[in-house]
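Following: one structure in structure tokens, then a few remarks.
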Amino acid sequence: IVAHQIGASSGETDPASRERERLRQKVEFVAKNWRLILGGDKSGSMSQTFEGEAKWLLQRRVAYLFLSSLNNVSEKFRQAAHRMDKPLDIQSEMLSFRGSNELDLDKPLSPRFTATDKVKLWKSLTNQGRGNGDVALLNELNKQIDAEEKSLTQEQQEEILRTAIIFSDGEPDDPVGVRNMVEQIGKKHTTVVGIGITETAAKVPVIFNTPFSRGDLIRTEADAIPVTARHI
């Protein structure tokens, strides 16, 4: 009655005389699967030093840190799976280039980072090549995502999130090709982050700054986790 009187007094042609129930539907995305994909740079220029250390050494330690930390989180999720309605499946992979078309699978896609994986990764990331295979690496990553999505239903595709962290010393042979590829990947439920290794890689944030990707720099090992966590 009060609402009706207030409405009529204010000149409403159809004043409210009762409360009207309203239902607002909100669709919330809930991921069931998360993929962390690391892309490594093993070009010859990674042997250059910054503040007395070769860049490939920094990349190797940072990659090891990422994968070890994620494995610890994944293990905790597995232990708590019986108490979770929709436990998050976490998997990681690392792929790197050491030439224009030479790619190495440093760590296969899996939910664990085993002792065998650690040894393989450590050794693989010491092998330096000569050419820059940034575009070849991104193209292979794009093919992997396409192949995975073709094997899934639309609903399953919607439940997967990916984070692709691409390391670079900032000297790709084809910056335009890199931008085109990261845009393609970024449209597929994938957060693409280009990480320049040391200040000599100042071009990386520029190259990776697209509507579907972003870039940043790490100067030391201590920068790696906070910088990447911000983007994730």
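By order of appearance in the structure tokens: chains A, B, ..., then residues from 1 within every chain, and ligands from 1 in the order shown.
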What are the closest atom pairs, with distances in Å to one decimal, for each residue of stretch 83-104 of chain A lying within 7 Å of stretch 26-43 of chain A, using only C-alpha atoms, rows by chain and rising residue number, as a tab-separated table?
residue	atom	partner	partner_atom	distance
A:Lys86	CA	A:Lys32	CA	6.7
A:Pro87	CA	A:Lys32	CA	6.7
A:Leu88	CA	A:Lys32	CA	4.8
A:Asp89	CA	A:Asn33	CA	4.6
A:Ile90	CA	A:Trp34	CA	4.9
A:Gln91	CA	A:Arg35	CA	5.0
A:Ser92	CA	A:Leu36	CA	4.6
A:Glu93	CA	A:Ile37	CA	4.9
A:Met94	CA	A:Leu38	CA	4.5
A:Leu95	CA	A:Gly39	CA	5.1
A:Ser96	CA	A:Gly40	CA	4.0
A:Phe97	CA	A:Lys42	CA	5.7
A:Arg98	CA	A:Lys42	CA	4.5
A:Gly99	CA	A:Ser43	CA	6.4
Contacts between stretch 58-61 of chain A and stretch 175-208 of chain A, please, where a residue of stretch 175-208 of chain A counts if it comes within 12 Å (with only C-alpha atoms); show its shortest atom pair and distance in Å to one decimal, rows by chain and ascending number, as CSV.
residue,atom,partner,partner_atom,distance
A:Ile195,CA,A:Gln59,CA,10.1
A:Gly196,CA,A:Gln59,CA,10.0
A:Ile197,CA,A:Gln59,CA,7.4
A:Thr198,CA,A:Leu58,CA,9.1
Discussion item. Using only C-alpha atoms, which protein or nucleic acid residues come within 12 Å of A:Thr228? Drop anything in the same chain fewer than 4 positions from it, and give the result as a list in words.
Written reply: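 What passes the distance filter is Leu36, Leu38, Val62, Ala63, Leu65, Phe66, Thr163, Ala164, Ile165, Ile166, Phe167, Thr191, Val192, Val193, Gly194, Ile195, Gly196, Arg214, Gly215, Asp216, Leu217, Ile218, Glu221, Ala222, Asp223, Ala224 and Ile232 of chain A.
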Could those residues be written to a file, using N, CA and C atoms, as a PDB file, in the first residue's frame?
ATOM      1  N   LEU A  36      49.555 -25.433 -18.084  1.00  0.00           N
ATOM      2  CA  LEU A  36      50.657 -24.477 -18.119  1.00  0.00           C
ATOM      3  C   LEU A  36      51.632 -24.951 -19.188  1.00  0.00           C
ATOM      4  N   LEU A  38      55.076 -23.970 -21.231  1.00  0.00           N
ATOM      5  CA  LEU A  38      56.255 -23.117 -21.307  1.00  0.00           C
ATOM      6  C   LEU A  38      56.895 -23.255 -22.678  1.00  0.00           C
ATOM      7  N   VAL A  62      64.418 -20.769 -13.955  1.00  0.00           N
ATOM      8  CA  VAL A  62      63.047 -20.268 -13.859  1.00  0.00           C
ATOM      9  C   VAL A  62      62.051 -21.334 -14.302  1.00  0.00           C
ATOM     10  N   ALA A  63      62.339 -22.019 -15.400  1.00  0.00           N
ATOM     11  CA  ALA A  63      61.447 -23.087 -15.878  1.00  0.00           C
ATOM     12  C   ALA A  63      61.326 -24.184 -14.827  1.00  0.00           C
ATOM     13  N   LEU A  65      61.712 -23.858 -11.627  1.00  0.00           N
ATOM     14  CA  LEU A  65      60.931 -23.312 -10.520  1.00  0.00           C
ATOM     15  C   LEU A  65      59.432 -23.387 -10.808  1.00  0.00           C
ATOM     16  N   PHE A  66      59.042 -22.955 -12.006  1.00  0.00           N
ATOM     17  CA  PHE A  66      57.631 -22.987 -12.387  1.00  0.00           C
ATOM     18  C   PHE A  66      57.064 -24.388 -12.278  1.00  0.00           C
ATOM     19  N   THR A 163      47.601 -21.442 -19.961  1.00  0.00           N
ATOM     20  CA  THR A 163      48.518 -20.317 -19.830  1.00  0.00           C
ATOM     21  C   THR A 163      49.794 -20.696 -20.569  1.00  0.00           C
ATOM     22  N   ALA A 164      50.103 -19.940 -21.606  1.00  0.00           N
ATOM     23  CA  ALA A 164      51.319 -20.192 -22.389  1.00  0.00           C
ATOM     24  C   ALA A 164      52.326 -19.092 -22.073  1.00  0.00           C
ATOM     25  N   ILE A 165      53.431 -19.472 -21.450  1.00  0.00           N
ATOM     26  CA  ILE A 165      54.484 -18.522 -21.102  1.00  0.00           C
ATOM     27  C   ILE A 165      55.642 -18.752 -22.071  1.00  0.00           C
ATOM     28  N   ILE A 166      55.915 -17.764 -22.896  1.00  0.00           N
ATOM     29  CA  ILE A 166      56.915 -17.905 -23.948  1.00  0.00           C
ATOM     30  C   ILE A 166      58.144 -17.079 -23.589  1.00  0.00           C
ATOM     31  N   PHE A 167      59.258 -17.755 -23.325  1.00  0.00           N
ATOM     32  CA  PHE A 167      60.506 -17.065 -23.012  1.00  0.00           C
ATOM     33  C   PHE A 167      61.192 -16.621 -24.309  1.00  0.00           C
ATOM     34  N   THR A 191      45.819 -17.816 -22.148  1.00  0.00           N
ATOM     35  CA  THR A 191      46.503 -16.582 -21.786  1.00  0.00           C
ATOM     36  C   THR A 191      47.942 -16.694 -22.272  1.00  0.00           C
ATOM     37  N   VAL A 192      48.327 -15.835 -23.197  1.00  0.00           N
ATOM     38  CA  VAL A 192      49.678 -15.888 -23.773  1.00  0.00           C
ATOM     39  C   VAL A 192      50.507 -14.742 -23.198  1.00  0.00           C
ATOM     40  N   VAL A 193      51.632 -15.090 -22.593  1.00  0.00           N
ATOM     41  CA  VAL A 193      52.505 -14.087 -21.991  1.00  0.00           C
ATOM     42  C   VAL A 193      53.917 -14.282 -22.530  1.00  0.00           C
ATOM     43  N   GLY A 194      54.446 -13.256 -23.179  1.00  0.00           N
ATOM     44  CA  GLY A 194      55.836 -13.294 -23.631  1.00  0.00           C
ATOM     45  C   GLY A 194      56.727 -12.736 -22.539  1.00  0.00           C
ATOM     46  N   ILE A 195      57.705 -13.508 -22.099  1.00  0.00           N
ATOM     47  CA  ILE A 195      58.603 -13.079 -21.025  1.00  0.00           C
ATOM     48  C   ILE A 195      59.986 -12.834 -21.602  1.00  0.00           C
ATOM     49  N   GLY A 196      60.396 -11.584 -21.599  1.00  0.00           N
ATOM     50  CA  GLY A 196      61.751 -11.245 -22.039  1.00  0.00           C
ATOM     51  C   GLY A 196      62.746 -11.542 -20.940  1.00  0.00           C
ATOM     52  N   ARG A 214      50.144 -10.563 -24.023  1.00  0.00           N
ATOM     53  CA  ARG A 214      50.847  -9.468 -23.363  1.00  0.00           C
ATOM     54  C   ARG A 214      52.288  -9.861 -23.127  1.00  0.00           C
ATOM     55  N   GLY A 215      53.120  -8.895 -22.781  1.00  0.00           N
ATOM     56  CA  GLY A 215      54.536  -9.183 -22.578  1.00  0.00           C
ATOM     57  C   GLY A 215      55.076  -8.515 -21.328  1.00  0.00           C
ATOM     58  N   ASP A 216      56.226  -9.018 -20.863  1.00  0.00           N
ATOM     59  CA  ASP A 216      56.850  -8.470 -19.664  1.00  0.00           C
ATOM     60  C   ASP A 216      58.318  -8.864 -19.664  1.00  0.00           C
ATOM     61  N   LEU A 217      59.047  -8.389 -18.673  1.00  0.00           N
ATOM     62  CA  LEU A 217      60.471  -8.691 -18.545  1.00  0.00           C
ATOM     63  C   LEU A 217      60.767  -9.294 -17.177  1.00  0.00           C
ATOM     64  N   ILE A 218      61.748 -10.194 -17.141  1.00  0.00           N
ATOM     65  CA  ILE A 218      62.324 -10.615 -15.868  1.00  0.00           C
ATOM     66  C   ILE A 218      63.819 -10.326 -15.929  1.00  0.00           C
ATOM     67  N   GLU A 221      66.074 -14.146 -11.318  1.00  0.00           N
ATOM     68  CA  GLU A 221      65.234 -15.288 -10.932  1.00  0.00           C
ATOM     69  C   GLU A 221      64.130 -14.858  -9.975  1.00  0.00           C
ATOM     70  N   ALA A 222      64.436 -13.892  -9.095  1.00  0.00           N
ATOM     71  CA  ALA A 222      63.454 -13.434  -8.110  1.00  0.00           C
ATOM     72  C   ALA A 222      62.267 -12.738  -8.762  1.00  0.00           C
ATOM     73  N   ASP A 223      62.464 -12.196  -9.970  1.00  0.00           N
ATOM     74  CA  ASP A 223      61.364 -11.523 -10.677  1.00  0.00           C
ATOM     75  C   ASP A 223      60.359 -12.512 -11.252  1.00  0.00           C
ATOM     76  N   ALA A 224      60.796 -13.707 -11.545  1.00  0.00           N
ATOM     77  CA  ALA A 224      60.031 -14.620 -12.390  1.00  0.00           C
ATOM     78  C   ALA A 224      58.643 -14.943 -11.846  1.00  0.00           C
ATOM     79  N   ILE A 232      48.946 -14.423 -14.745  1.00  0.00           N
ATOM     80  CA  ILE A 232      48.050 -15.579 -14.593  1.00  0.00           C
ATOM     81  C   ILE A 232      46.804 -15.153 -13.830  1.00  0.00           C
TER      82      ILE A 232
END
Worksheet item: Quick one: distance from atom CA of A:Arg179 to atom CA of A:Val206 in Å, one decimal?
Response: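 The value is 9.7 Å.
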All residues 9 Å or closer to A:Pro172, only C-alpha atoms, same chain fewer than 6 positions away omitted, as a tab-separated table (two decimals) with all heavy atoms, in the first residue's frame:
chain	number	residue	atom	x	y	z
A	132	ASN	N	66.61	-18.80	-34.84
A	132	ASN	CA	65.46	-18.47	-34.01
A	132	ASN	C	64.22	-19.16	-34.56
A	132	ASN	O	63.81	-18.90	-35.69
A	132	ASN	CB	65.23	-16.95	-33.99
A	132	ASN	CG	66.26	-16.22	-33.15
A	132	ASN	OD1	66.44	-16.51	-31.98
A	132	ASN	ND2	66.97	-15.28	-33.76
A	133	GLY	N	63.62	-20.00	-33.75
A	133	GLY	CA	62.44	-20.75	-34.18
A	133	GLY	C	61.19	-20.34	-33.43
A	133	GLY	O	60.32	-21.18	-33.18
A	134	ASP	N	61.07	-19.05	-33.10
A	134	ASP	CA	59.90	-18.58	-32.35
A	134	ASP	C	58.59	-18.93	-33.04
A	134	ASP	O	57.65	-19.45	-32.41
A	134	ASP	CB	59.96	-17.06	-32.17
A	134	ASP	CG	61.25	-16.58	-31.53
A	134	ASP	OD1	62.28	-16.59	-32.25
A	134	ASP	OD2	61.23	-16.19	-30.36
A	135	VAL	N	58.52	-18.65	-34.35
A	135	VAL	CA	57.29	-18.89	-35.09
A	135	VAL	C	57.00	-20.38	-35.19
A	135	VAL	O	55.86	-20.82	-35.04
A	135	VAL	CB	57.36	-18.25	-36.50
A	135	VAL	CG1	56.12	-18.61	-37.31
A	135	VAL	CG2	57.49	-16.74	-36.39
A	178	VAL	N	55.40	-13.75	-35.17
A	178	VAL	CA	55.17	-14.05	-33.76
A	178	VAL	C	53.85	-13.43	-33.31
A	178	VAL	O	53.03	-14.09	-32.66
A	178	VAL	CB	56.34	-13.53	-32.89
A	178	VAL	CG1	55.99	-13.63	-31.40
A	178	VAL	CG2	57.61	-14.31	-33.18
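In terms of minimum interatomic distance to A:Gly131, A:Gly44 ranks closest within A:Gly170, A:Pro175, A:Gly44, A:Pro211, counting only C-alpha atoms.
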